[in-house]
$ cat protein.txt   # compact mmCIF, C-alpha atoms
# COMPACT_ATOMS: atom_id res chain seq x y z
CA MET A 905 19.66 17.40 7.35
CA ALA A 906 19.94 13.99 5.66
CA ALA A 907 22.34 12.67 8.31
CA ILE A 908 19.92 13.65 11.10
CA PHE A 909 16.95 11.99 9.41
CA GLN A 910 18.96 8.84 8.62
CA GLY A 911 20.02 8.66 12.25
CA ILE A 912 16.34 8.74 13.24
CA GLN A 913 15.64 6.06 10.64
CA ILE A 914 18.33 3.78 12.12
CA ILE A 915 16.79 4.09 15.59
CA ALA A 916 13.29 3.46 14.17
CA ILE A 917 14.41 0.42 12.16
CA CYS A 918 16.09 -1.10 15.24
CA ALA A 919 12.92 -0.50 17.26
CA PHE A 920 10.82 -2.02 14.47
CA ILE A 921 12.96 -5.17 14.28
CA PHE A 922 13.04 -5.61 18.07
CA SER A 923 9.26 -5.17 18.32
CA LEU A 924 8.63 -7.54 15.44
CA PHE A 925 10.58 -10.44 16.90
CA HIS A 926 9.12 -9.76 20.33
CA LEU A 927 5.57 -10.06 18.95
CA ILE A 928 5.98 -12.98 16.51
CA LYS A 929 4.15 -16.11 17.66
CA PHE A 930 4.32 -19.47 15.88
CA LYS A 931 2.04 -21.41 18.21
CA GLY A 932 -1.46 -21.93 16.84
CA THR A 933 -0.61 -20.46 13.42
CA ASN A 934 -2.28 -21.97 10.34
CA ARG A 935 0.18 -24.53 8.92
CA TYR A 936 -0.42 -23.68 5.28
CA PHE A 937 0.09 -20.01 6.07
CA LEU A 938 3.21 -20.64 8.20
CA PHE A 939 4.76 -22.82 5.48
CA PHE A 940 4.47 -20.18 2.75
CA VAL A 941 5.52 -17.25 4.98
CA THR A 942 8.65 -19.20 5.98
CA LEU A 943 9.32 -20.17 2.37
CA LEU A 944 8.84 -16.58 1.19
CA SER A 945 11.17 -15.22 3.89
CA ILE A 946 13.91 -17.72 2.98
CA TRP A 947 13.48 -16.79 -0.68
CA GLN A 948 13.91 -13.09 0.14
CA VAL A 949 17.22 -13.87 1.89
CA LEU A 950 18.37 -15.80 -1.20
CA LEU A 951 17.44 -12.82 -3.38
CA LEU A 952 19.75 -10.65 -1.28
CA ILE A 953 22.59 -13.18 -1.51
CA ARG A 954 22.21 -13.40 -5.30
CA GLY A 955 21.96 -9.61 -5.67
CA ASP A 956 24.08 -7.33 -7.86
CA TYR A 957 26.25 -5.00 -5.73
CA ASP A 958 29.25 -4.38 -8.00
CA PHE A 959 28.04 -0.96 -9.18
CA MET A 960 27.23 0.41 -5.73
CA ASP A 961 28.93 3.41 -4.17
CA TYR A 962 28.41 4.92 -0.71
CA GLU A 963 25.13 6.65 -1.62
CA ASP A 964 23.77 3.49 -3.27
CA THR A 965 24.58 1.52 -0.14
CA LYS A 966 22.74 3.99 2.07
CA SER A 967 19.79 3.91 -0.29
CA MET A 968 19.67 0.11 0.02
CA PHE A 969 18.94 0.53 3.74
CA PHE A 970 16.90 3.74 3.79
CA ASP A 971 14.83 3.62 0.58
CA ALA A 972 11.22 2.96 1.57
CA ASN A 973 10.26 1.99 -1.99
CA TYR A 974 12.89 -0.57 -2.93
CA GLY A 975 15.20 -0.97 0.10
CA ILE A 976 16.03 -4.32 1.68
CA PHE A 977 13.56 -3.91 4.56
CA CYS A 978 10.66 -4.01 2.11
CA LEU A 979 11.46 -7.68 1.57
CA PHE A 980 10.76 -8.63 5.18
CA VAL A 981 7.50 -6.77 5.81
CA PRO A 982 5.59 -10.10 5.27
CA LEU A 983 6.98 -11.22 8.65
CA ILE A 984 4.36 -8.86 10.13
CA SER A 985 1.79 -11.54 9.37
CA LEU A 986 3.41 -13.84 11.97
CA ILE A 987 2.22 -11.49 14.72
CA LYS A 988 -0.80 -13.23 16.21
CA PRO A 989 -3.54 -10.59 15.96
CA ASN A 990 -5.63 -9.40 18.87
CA LEU A 991 -8.09 -6.57 19.40
CA VAL A 992 -5.61 -4.48 21.42
CA GLN A 993 -3.12 -4.43 18.54
CA LEU A 994 -5.91 -3.68 16.09
CA LYS A 995 -7.00 -0.68 18.15
CA LYS A 996 -3.41 0.57 18.27
CA PHE A 997 -3.21 0.22 14.49
CA MET A 998 -6.30 2.41 14.13
CA LYS A 999 -4.53 5.05 16.23
CA VAL A 1000 -1.58 4.87 13.85
CA LEU A 1001 -3.94 5.69 10.97
CA ILE A 1002 -5.28 8.71 12.86
CA ILE A 1003 -1.71 9.90 13.48
CA CYS A 1004 -0.97 9.47 9.74
CA SER A 1005 -4.01 11.62 8.97
CA PHE A 1006 -2.82 14.53 11.10
CA VAL A 1007 0.76 14.23 9.84
CA TYR A 1008 -0.56 14.34 6.26
CA LEU A 1009 -2.61 17.46 7.02
CA GLY A 1010 0.44 19.17 8.56
CA TYR A 1011 2.65 18.07 5.67
CA THR A 1012 0.16 19.43 3.13
CA VAL A 1013 -0.21 22.77 4.89
CA PHE A 1014 3.58 23.16 5.09
CA PHE A 1015 4.22 22.32 1.43
CA PHE A 1016 0.94 23.56 -0.05
CA PRO A 1017 2.44 26.34 -2.26
CA GLN A 1018 4.88 23.85 -3.84
CA MET A 1019 2.20 21.18 -4.25
CA ILE A 1020 -0.19 23.34 -6.27
CA GLN A 1021 2.36 25.14 -8.44
CA GLY A 1022 1.46 24.68 -12.09
CA ASP A 1023 4.62 23.23 -13.67
CA MET A 1024 3.78 19.59 -14.45
CA LEU A 1025 7.46 18.82 -15.13
CA ASP A 1026 8.61 19.95 -11.68
CA THR A 1027 9.87 16.75 -10.04
CA PHE A 1028 9.93 18.14 -6.50
CA SER A 1029 6.29 19.24 -6.63
CA ARG A 1030 5.17 15.92 -8.11
CA GLU A 1031 7.09 13.90 -5.52
CA LEU A 1032 5.59 15.93 -2.68
CA VAL A 1033 2.08 15.00 -3.82
CA GLU A 1034 2.83 11.36 -4.67
CA SER A 1035 4.98 10.48 -1.66
CA SER A 1036 2.65 12.08 0.89
CA PHE A 1037 -0.29 10.26 -0.70
CA LYS A 1038 1.48 6.91 -0.77
CA PHE A 1039 3.03 6.91 2.69
CA LEU A 1040 0.56 8.99 4.70
CA ALA A 1041 -2.82 9.58 3.05
CA PHE A 1042 -3.74 6.33 1.32
CA PRO A 1043 -3.32 4.04 4.38
CA THR A 1044 -5.93 6.16 6.18
CA MET A 1045 -8.51 5.03 3.62
CA PHE A 1046 -8.81 1.86 5.70
CA ILE A 1047 -10.85 4.03 8.09
CA LEU A 1048 -13.25 4.75 5.23
CA LEU A 1049 -13.34 1.05 4.35
CA THR A 1050 -14.28 0.13 7.93
CA SER A 1051 -16.54 3.16 8.48
CA PRO A 1052 -19.35 1.19 10.22
CA TYR A 1053 -16.96 0.59 13.13
CA GLN A 1054 -15.51 4.10 13.25
CA SER A 1055 -16.55 7.11 15.28
CA THR A 1056 -18.07 10.11 13.50
CA ARG A 1057 -14.86 12.08 14.17
CA ASN A 1058 -12.70 9.46 12.46
CA LYS A 1059 -15.02 9.22 9.47
CA VAL A 1060 -15.06 13.00 8.97
CA LEU A 1061 -11.26 13.11 9.23
CA SER A 1062 -10.95 10.32 6.66
CA LEU A 1063 -13.29 12.14 4.24
CA ILE A 1064 -11.27 15.36 4.61
CA ILE A 1065 -8.08 13.46 3.74
CA PHE A 1066 -9.86 11.86 0.77
CA VAL A 1067 -11.08 15.17 -0.67
CA LEU A 1068 -7.66 16.75 -0.14
CA PHE A 1069 -5.56 14.12 -1.90
CA MET A 1070 -8.09 13.73 -4.73
CA THR A 1071 -7.97 17.49 -5.35
CA LEU A 1072 -4.17 17.53 -5.34
CA GLY A 1073 -4.15 14.47 -7.61
CA ALA A 1074 -6.37 16.28 -10.15
CA ILE A 1075 -4.23 19.43 -10.03
CA LYS A 1076 -0.99 17.48 -10.59
CA ALA A 1077 -2.55 15.08 -13.14
CA ARG A 1078 -1.72 12.01 -11.05
CA ARG A 1079 -3.92 9.33 -12.59
CA GLY A 1080 -2.86 6.70 -10.07
CA ILE A 1081 -3.97 8.80 -7.10
CA LEU A 1082 -7.42 9.42 -8.63
CA LEU A 1083 -7.86 5.78 -9.62
CA MET A 1084 -6.82 4.38 -6.23
CA GLY A 1085 -8.93 6.88 -4.26
CA GLY A 1086 -12.00 6.34 -6.42
CA PHE A 1087 -11.65 2.56 -6.25
CA VAL A 1088 -11.49 2.53 -2.43
CA LEU A 1089 -14.51 4.84 -2.24
CA ALA A 1090 -16.49 2.49 -4.50
CA ILE A 1091 -15.57 -0.57 -2.40
CA SER A 1092 -16.53 1.33 0.78
CA LEU A 1093 -19.94 2.14 -0.67
CA ILE A 1094 -20.49 -1.50 -1.66
CA LEU A 1095 -19.58 -2.75 1.83
CA ASN A 1096 -21.96 -0.23 3.41
CA LEU A 1097 -24.66 -1.33 0.98
CA VAL A 1098 -24.18 -4.97 2.03
CA ARG A 1099 -24.36 -4.09 5.73
CA SER A 1100 -27.19 -1.59 5.61
CA SER A 1101 -30.74 -2.79 6.24
CA ASN A 1102 -32.04 0.16 4.23
CA LYS A 1103 -30.21 -0.27 0.92
CA ILE A 1104 -32.13 2.33 -1.10
CA PRO A 1105 -29.98 5.37 -0.10
CA TRP A 1106 -26.78 3.50 -0.93
CA ILE A 1107 -28.18 2.35 -4.28
CA ILE A 1108 -29.12 5.96 -5.09
CA VAL A 1109 -25.59 7.12 -4.18
CA GLY A 1110 -24.09 4.39 -6.38
CA ILE A 1111 -26.29 5.28 -9.35
CA TYR A 1112 -25.48 8.97 -8.88
CA LEU A 1113 -21.74 8.27 -8.91
CA MET A 1114 -22.03 6.18 -12.09
CA VAL A 1115 -24.07 8.90 -13.81
CA PHE A 1116 -21.58 11.51 -12.63
CA ALA A 1117 -18.65 9.49 -14.02
CA TYR A 1118 -20.47 9.07 -17.34
CA GLN A 1119 -21.23 12.80 -17.55
CA LEU A 1120 -17.62 13.56 -16.71
CA PHE A 1121 -16.56 11.37 -19.63
CA LEU A 1122 -19.00 13.11 -21.99
CA ILE A 1123 -17.78 16.59 -21.14
CA GLU A 1124 -14.10 15.65 -21.15
CA PHE A 1125 -13.22 18.16 -23.84
CA SER A 1126 -15.05 20.96 -22.05
CA LEU A 1127 -13.23 20.20 -18.80
CA SER A 1128 -9.92 19.99 -20.61
CA GLU A 1129 -10.19 23.73 -21.25
CA VAL A 1130 -10.20 24.38 -17.49
CA GLN A 1131 -6.62 24.93 -16.32
CA VAL A 1132 -6.95 22.71 -13.24
CA PHE A 1133 -8.02 19.69 -15.32
CA SER A 1134 -6.19 20.33 -18.60
CA SER A 1135 -3.03 18.48 -17.59
CA LEU A 1136 -5.04 15.51 -16.37
CA PHE A 1137 -6.93 15.09 -19.66
CA ASP A 1138 -3.79 15.75 -21.71
CA LYS A 1139 -2.15 12.87 -19.89
CA GLY A 1140 -5.22 10.67 -19.61
CA LEU A 1141 -4.50 8.40 -22.58
CA GLU A 1142 -0.73 8.88 -22.69
CA ASN A 1143 1.10 5.55 -22.69
CA THR A 1144 4.08 5.87 -20.35
CA ARG A 1145 4.74 2.18 -19.67
CA THR A 1146 5.06 0.22 -22.92
CA TYR A 1147 8.65 1.16 -23.77
CA VAL A 1148 9.95 0.32 -20.30
CA GLU A 1149 8.03 -2.97 -20.22
CA ASN A 1150 9.36 -3.95 -23.66
CA CYS A 1151 12.90 -3.29 -22.43
CA PHE A 1152 12.18 -5.47 -19.42
CA PHE A 1153 10.77 -8.34 -21.50
CA SER A 1154 13.70 -8.32 -23.92
CA SER A 1155 16.22 -8.58 -21.05
CA MET A 1156 14.67 -11.65 -19.37
CA SER A 1157 15.90 -15.17 -20.09
CA THR A 1158 13.82 -18.28 -19.36
CA MET A 1159 15.73 -18.85 -16.12
CA ASP A 1160 15.23 -15.21 -15.14
CA TRP A 1161 11.48 -15.64 -15.51
CA VAL A 1162 11.56 -18.64 -13.17
CA ILE A 1163 13.95 -17.54 -10.38
CA GLY A 1164 14.63 -13.86 -11.17
CA LYS A 1165 17.91 -11.99 -11.30
CA GLY A 1166 18.29 -11.27 -7.59
CA TYR A 1167 18.04 -8.08 -5.55
CA ASN A 1168 19.30 -4.91 -7.26
CA ALA A 1169 19.48 -6.64 -10.63
CA GLY A 1170 18.70 -4.53 -13.68
CA TYR A 1171 17.60 -4.49 -17.29
CA LEU A 1172 18.88 -2.36 -20.15
CA CYS A 1173 16.52 0.56 -20.79
CA PRO A 1174 18.36 3.44 -22.48
CA GLY A 1175 16.84 6.90 -22.49
CA ILE A 1176 14.80 6.49 -19.28
CA ASP A 1177 16.05 7.95 -15.98
CA GLU A 1178 19.67 7.85 -17.15
CA SER A 1179 20.54 10.54 -14.60
CA ILE A 1180 19.58 8.06 -11.87
CA PHE A 1181 20.52 4.67 -13.32
CA LYS A 1182 24.08 4.29 -14.60
CA GLN A 1183 24.75 3.14 -18.18
CA GLY A 1184 21.03 2.93 -18.96
CA VAL A 1185 20.51 -0.09 -16.66
CA ARG A 1186 17.31 0.38 -14.65
CA ARG A 1187 17.19 -1.44 -11.31
CA VAL A 1188 13.44 -1.09 -10.78
CA ILE A 1189 10.23 -1.27 -12.76
CA GLU A 1190 7.22 0.61 -11.44
CA THR A 1191 4.88 -2.32 -12.00
CA ASP A 1192 5.29 -4.43 -8.88
CA TYR A 1193 4.21 -7.71 -10.48
CA LEU A 1194 7.13 -7.35 -12.88
CA GLN A 1195 9.39 -6.17 -10.04
CA PHE A 1196 8.65 -9.43 -8.18
CA ILE A 1197 9.63 -11.38 -11.30
CA LEU A 1198 12.72 -9.24 -11.93
CA THR A 1199 14.16 -9.98 -8.50
CA GLY A 1200 12.74 -13.41 -7.66
CA GLY A 1201 10.99 -14.77 -10.73
CA ILE A 1202 7.55 -16.30 -11.01
CA LEU A 1203 8.37 -18.33 -7.88
CA ASN A 1204 8.53 -15.09 -5.90
CA LEU A 1205 5.23 -13.82 -7.28
CA GLY A 1206 3.60 -17.24 -6.81
CA MET A 1207 4.44 -17.45 -3.11
CA ILE A 1208 2.98 -13.99 -2.47
CA LEU A 1209 -0.23 -14.86 -4.33
CA PHE A 1210 -0.49 -18.23 -2.54
CA LEU A 1211 -0.59 -16.28 0.73
CA MET A 1212 -2.78 -13.37 -0.35
CA ILE A 1213 -5.55 -15.01 -2.37
CA PRO A 1214 -6.59 -17.63 0.25
CA ALA A 1215 -6.56 -14.89 2.92
CA ALA A 1216 -8.92 -12.77 0.80
CA VAL A 1217 -11.20 -15.76 0.16
CA LEU A 1218 -11.35 -16.64 3.88
CA GLY A 1219 -12.10 -13.03 4.82
CA LEU A 1220 -14.79 -12.53 2.19
CA PHE A 1221 -16.66 -15.85 2.26
CA TYR A 1222 -15.82 -17.55 5.56
CA SER A 1223 -16.25 -14.74 8.09
CA LYS A 1224 -19.19 -13.67 10.23
CA ASN A 1225 -18.34 -9.97 10.41
CA LEU A 1226 -17.94 -7.06 8.03
CA PHE A 1227 -14.50 -6.19 9.43
CA CYS A 1228 -12.88 -9.34 8.03
CA LYS A 1229 -14.65 -8.73 4.73
CA SER A 1230 -13.19 -5.21 4.73
CA ALA A 1231 -9.75 -6.67 5.54
CA ALA A 1232 -10.10 -9.02 2.57
CA CYS A 1233 -11.08 -6.10 0.32
CA TRP A 1234 -8.02 -4.18 1.57
CA ILE A 1235 -5.84 -7.12 0.48
CA LEU A 1236 -7.53 -7.23 -2.93
CA ILE A 1237 -7.09 -3.46 -3.33
CA TRP A 1238 -3.37 -3.93 -2.73
CA LEU A 1239 -3.22 -6.76 -5.29
CA VAL A 1240 -5.09 -4.70 -7.90
CA PHE A 1241 -2.83 -1.68 -7.50
CA LEU A 1242 0.41 -3.62 -7.69
CA TYR A 1243 0.14 -3.09 -11.44
CA PRO A 1244 -0.07 0.72 -11.71
CA SER A 1245 2.16 1.34 -8.67
CA ASN A 1246 4.61 -0.30 -6.29
CA GLY A 1247 2.99 -1.37 -3.03
CA PHE A 1248 5.67 -3.78 -1.79
CA THR A 1249 7.24 -1.01 0.28
CA PHE A 1250 8.39 -0.25 3.82
CA SER A 1251 5.24 1.68 4.65
CA VAL A 1252 2.14 1.74 6.84
CA PHE A 1253 0.06 0.57 3.87
CA HIS A 1254 2.20 -2.51 3.21
CA VAL A 1255 2.42 -3.32 6.93
CA SER A 1256 -1.39 -3.05 7.18
CA ILE A 1257 -1.81 -5.54 4.33
CA TRP A 1258 0.09 -8.29 6.13
CA LEU A 1259 -1.74 -7.48 9.35
CA MET A 1260 -5.00 -8.03 7.45
CA VAL A 1261 -3.63 -11.29 6.02
CA SER A 1262 -2.95 -12.47 9.57
CA ILE A 1263 -6.46 -11.46 10.66
CA CYS A 1264 -8.12 -13.27 7.73
CA TYR A 1265 -6.23 -16.50 8.50
CA ASN A 1266 -7.30 -16.28 12.16
CA GLY A 1267 -10.49 -18.25 12.80
CA SER A 1268 -11.22 -16.45 16.08
CA PHE A 1269 -11.33 -13.09 14.32
CA ARG A 1270 -13.50 -14.40 11.51
CA ASN A 1271 -16.04 -15.75 14.01
CA LEU A 1272 -16.47 -12.50 15.98
CA ASN A 1273 -19.69 -10.59 15.40
CA ASP A 1274 -19.96 -6.99 14.27
CA LYS A 1275 -21.12 -5.71 17.66
CA VAL A 1276 -17.86 -6.80 19.31
CA PHE A 1277 -15.76 -4.94 16.74
CA LYS A 1278 -17.86 -1.77 16.89
CA LYS A 1279 -17.91 -1.63 20.68
CA TYR A 1280 -14.22 -2.42 21.10
CA LEU A 1281 -12.86 -0.06 18.45
CA ASN A 1282 -14.78 2.84 20.01
CA MET A 1283 -13.77 1.94 23.56
CA GLU A 1284 -11.12 3.92 25.44
CA LEU A 1285 -8.45 1.55 26.76
CA LYS A 1286 -6.03 1.99 29.63
CA PHE A 1287 -2.67 0.21 29.52
CA ASN A 1288 -0.39 -0.82 32.38
CA HIS A 1289 3.42 -0.58 32.38
CA ARG A 1290 3.58 -3.88 30.47
CA GLU A 1291 1.39 -2.45 27.71
CA GLU A 1292 -1.43 -4.81 28.67
CA ALA A 1293 -4.97 -3.52 28.31
$ encode --input "protein.txt" --output "structure tokens"
Amino acid sequence: MAAIFQGIQIIAICAFIFSLFHLIKFKGTNRYFLFFVTLLSIWQVLLLIRGDYDFMDYEDTKSMFFDANYGIFCLFVPLISLIKPNLVQLKKFMKVLIICSFVYLGYTVFFFPQMIQGDMLDTFSRELVESSFKFLAFPTMFILLTSPYQSTRNKVLSLIIFVLFMTLGAIKARRGILLMGGFVLAISLILNLVRSSNKIPWIIVGIYLMVFAYQLFLIEFSLSEVQVFSSLFDKGLENTRTYVENCFFSSMSTMDWVIGKGYNAGYLCPGIDESIFKQGVRRVIETDYLQFILTGGILNLGMILFLMIPAAVLGLFYSKNLFCKSAACWILIWLVFLYPSNGFTFSVFHVSIWLMVSICYNGSFRNLNDKVFKKYLNMELKFNHREEA
């Protein structure tokens, strides 16, 4: 089946690239933003040129093109931000999130027996839960984040997805899933509190959640006796990162810290994933901030932050609508979770981040009022043969 799926991937990638270059517009783009996006894109090309390919066989080469976590197409997702945003594209993006929701539900139903099986060491079961969350479920949390603009149907669907992946995360002791889901829920509540004229219900909900979290902490040992939660609490304080990070630090020279080692470069880390990485040389590190430095150095990380942080500031403090503030929060959520996970991927979530960056840099979007967003996102559009609304 792999050949069939990879054939579909090739068609999809070609369609993605064609669409991207058809939609990119340079005219009227913020100069600061355009400068750093161009610089970042050139740097990504240089990372590929400087990459380490000596060890690669046929399967490694295919993985370089088809791997959604660390493949070469991840490097060029920032080009999405050069698409000049408009409300039609934004509405289409919302439809993509709804499609992701239904695909996730179907995926979960199909694989449910494998997802809930009790062996914590079963790699297949763990990957089913983590991959479906990362590539399908978590992007749909943007619906929850922008709930004031969403229909009741969309909000209910988003809450169902939230409850489902949080339950699976608890069963499989996936701390990252629980942390990311809980964090987005908290931000959503804060944004609703800011918007609401009657803040008392939201304050009560916030206090209740804090009390609930505190009580959960107090009864940790009681919950740990329950089979569903035992694995989660057993793993709760387990340190699974220090050894790998120490191996990474010891392998980096001063020049490596500045400009990185190039794409596919590695660091010696014996005893970890040796069945995957040959001769104990790991090519990835699950902390994306360090992954940026591994491949492109502090310069690589700096260019990304120089694009992201101003976008978040513009969206939060220089916008007249809650949507741009939500977009800024989405960017900050991505930045926060680059440490416990890798978010620089070829995925709907990563694509949505650069779409939000583009929106936050766009003065026209920031000056729209909330009524325009709410009315438009709930409006049924008809498109002609040229895909014009």
$ atom_distance --input "protein.txt" --atom1 "atom CA of A:Arg935" --atom2 "atom CA of A:Gly1201"
24.5 Å
$ closest_atom_pairs --input "protein.txt" --of "stretch 944-1011 of chain A" --to "stretch 1260-1264 of chain A" --cutoff "8 Å" --atoms "all atoms listed in the file" --output "CSV"
residue,atom,partner,partner_atom,distance
A:Ser985,CA,A:Ser1262,CA,4.8
A:Leu986,CA,A:Ser1262,CA,6.9
A:Ile987,CA,A:Ser1262,CA,7.4
A:Lys988,CA,A:Ser1262,CA,7.0
A:Pro989,CA,A:Ile1263,CA,6.1
$ atom_distance --input "protein.txt" --atom1 "atom CA of A:Val1255" --atom2 "atom CA of A:Leu1072"
25.1 Å
$ closest_residue --input "protein.txt" --among "A:Leu1211, A:Ala907, A:Asp1192, A:Ile1065" --to "A:Gly1010" --atoms "all atoms listed in the file"
A:Ile1065
$ residues_around --input "protein.txt" --residues "A:Gly975" --least-positions-apart "2" --cutoff "12 Å" --atoms "only C-alpha atoms" --output "ChimeraX atom specification"
/A:952,964-973,977-981,1167-1168,1187-1188,1248-1251
$ write_last_selection --input "protein.txt" --atoms "C-alpha atoms" --output "CSV table (one decimal), in the frame of the given file"
chain,number,residue,atom,x,y,z
A,952,LEU,CA,19.8,-10.6,-1.3
A,964,ASP,CA,23.8,3.5,-3.3
A,965,THR,CA,24.6,1.5,-0.1
A,966,LYS,CA,22.7,4.0,2.1
A,967,SER,CA,19.8,3.9,-0.3
A,968,MET,CA,19.7,0.1,0.0
A,969,PHE,CA,18.9,0.5,3.7
A,970,PHE,CA,16.9,3.7,3.8
A,971,ASP,CA,14.8,3.6,0.6
A,972,ALA,CA,11.2,3.0,1.6
A,973,ASN,CA,10.3,2.0,-2.0
A,977,PHE,CA,13.6,-3.9,4.6
A,978,CYS,CA,10.7,-4.0,2.1
A,979,LEU,CA,11.5,-7.7,1.6
A,980,PHE,CA,10.8,-8.6,5.2
A,981,VAL,CA,7.5,-6.8,5.8
A,1167,TYR,CA,18.0,-8.1,-5.6
A,1168,ASN,CA,19.3,-4.9,-7.3
A,1187,ARG,CA,17.2,-1.4,-11.3
A,1188,VAL,CA,13.4,-1.1,-10.8
A,1248,PHE,CA,5.7,-3.8,-1.8
A,1249,THR,CA,7.2,-1.0,0.3
A,1250,PHE,CA,8.4,-0.2,3.8
A,1251,SER,CA,5.2,1.7,4.6
$ decode --input "protein.txt" --residues "stretch 1247-1253 of chain A" --atoms "all heavy atoms" --output "compact mmCIF listing (two decimals), in the first residue's frame"
# COMPACT_ATOMS: atom_id res chain seq x y z
N GLY A 1247 6.80 21.27 15.77
CA GLY A 1247 5.68 21.88 15.07
C GLY A 1247 6.06 22.40 13.70
O GLY A 1247 5.20 22.86 12.94
N PHE A 1248 7.37 22.34 13.36
CA PHE A 1248 7.83 22.83 12.06
C PHE A 1248 7.69 21.67 11.06
O PHE A 1248 8.66 21.06 10.62
CB PHE A 1248 9.28 23.30 12.16
CG PHE A 1248 9.68 24.26 11.08
CD1 PHE A 1248 9.36 25.61 11.18
CD2 PHE A 1248 10.38 23.83 9.96
CE1 PHE A 1248 9.73 26.50 10.18
CE2 PHE A 1248 10.75 24.72 8.96
CZ PHE A 1248 10.42 26.06 9.08
N THR A 1249 6.43 21.36 10.72
CA THR A 1249 6.11 20.16 9.96
C THR A 1249 5.36 20.52 8.68
O THR A 1249 4.98 21.67 8.47
CB THR A 1249 5.24 19.22 10.80
OG1 THR A 1249 4.09 19.96 11.25
CG2 THR A 1249 5.99 18.71 12.02
N PHE A 1250 5.13 19.51 7.85
CA PHE A 1250 4.31 19.70 6.65
C PHE A 1250 2.90 19.28 7.02
O PHE A 1250 2.48 18.15 6.76
CB PHE A 1250 4.87 18.86 5.51
CG PHE A 1250 4.39 19.28 4.15
CD1 PHE A 1250 4.60 20.57 3.68
CD2 PHE A 1250 3.71 18.40 3.33
CE1 PHE A 1250 4.15 20.97 2.42
CE2 PHE A 1250 3.26 18.78 2.08
CZ PHE A 1250 3.47 20.06 1.62
N SER A 1251 2.18 20.18 7.67
CA SER A 1251 0.89 19.83 8.27
C SER A 1251 -0.07 21.01 8.21
O SER A 1251 0.35 22.16 8.00
CB SER A 1251 1.08 19.42 9.73
OG SER A 1251 1.57 20.52 10.48
N VAL A 1252 -1.33 20.74 8.44
CA VAL A 1252 -2.35 21.79 8.48
C VAL A 1252 -2.03 22.79 9.60
O VAL A 1252 -2.20 24.00 9.43
CB VAL A 1252 -3.75 21.17 8.69
CG1 VAL A 1252 -4.80 22.26 8.89
CG2 VAL A 1252 -4.13 20.29 7.51
N PHE A 1253 -1.57 22.29 10.73
CA PHE A 1253 -1.24 23.18 11.85
C PHE A 1253 -0.15 24.17 11.47
O PHE A 1253 -0.30 25.38 11.68
CB PHE A 1253 -0.81 22.33 13.05
CG PHE A 1253 -0.46 23.13 14.29
CD1 PHE A 1253 -1.16 24.27 14.63
CD2 PHE A 1253 0.58 22.73 15.12
CE1 PHE A 1253 -0.85 25.00 15.77
CE2 PHE A 1253 0.91 23.45 16.26
CZ PHE A 1253 0.20 24.60 16.58
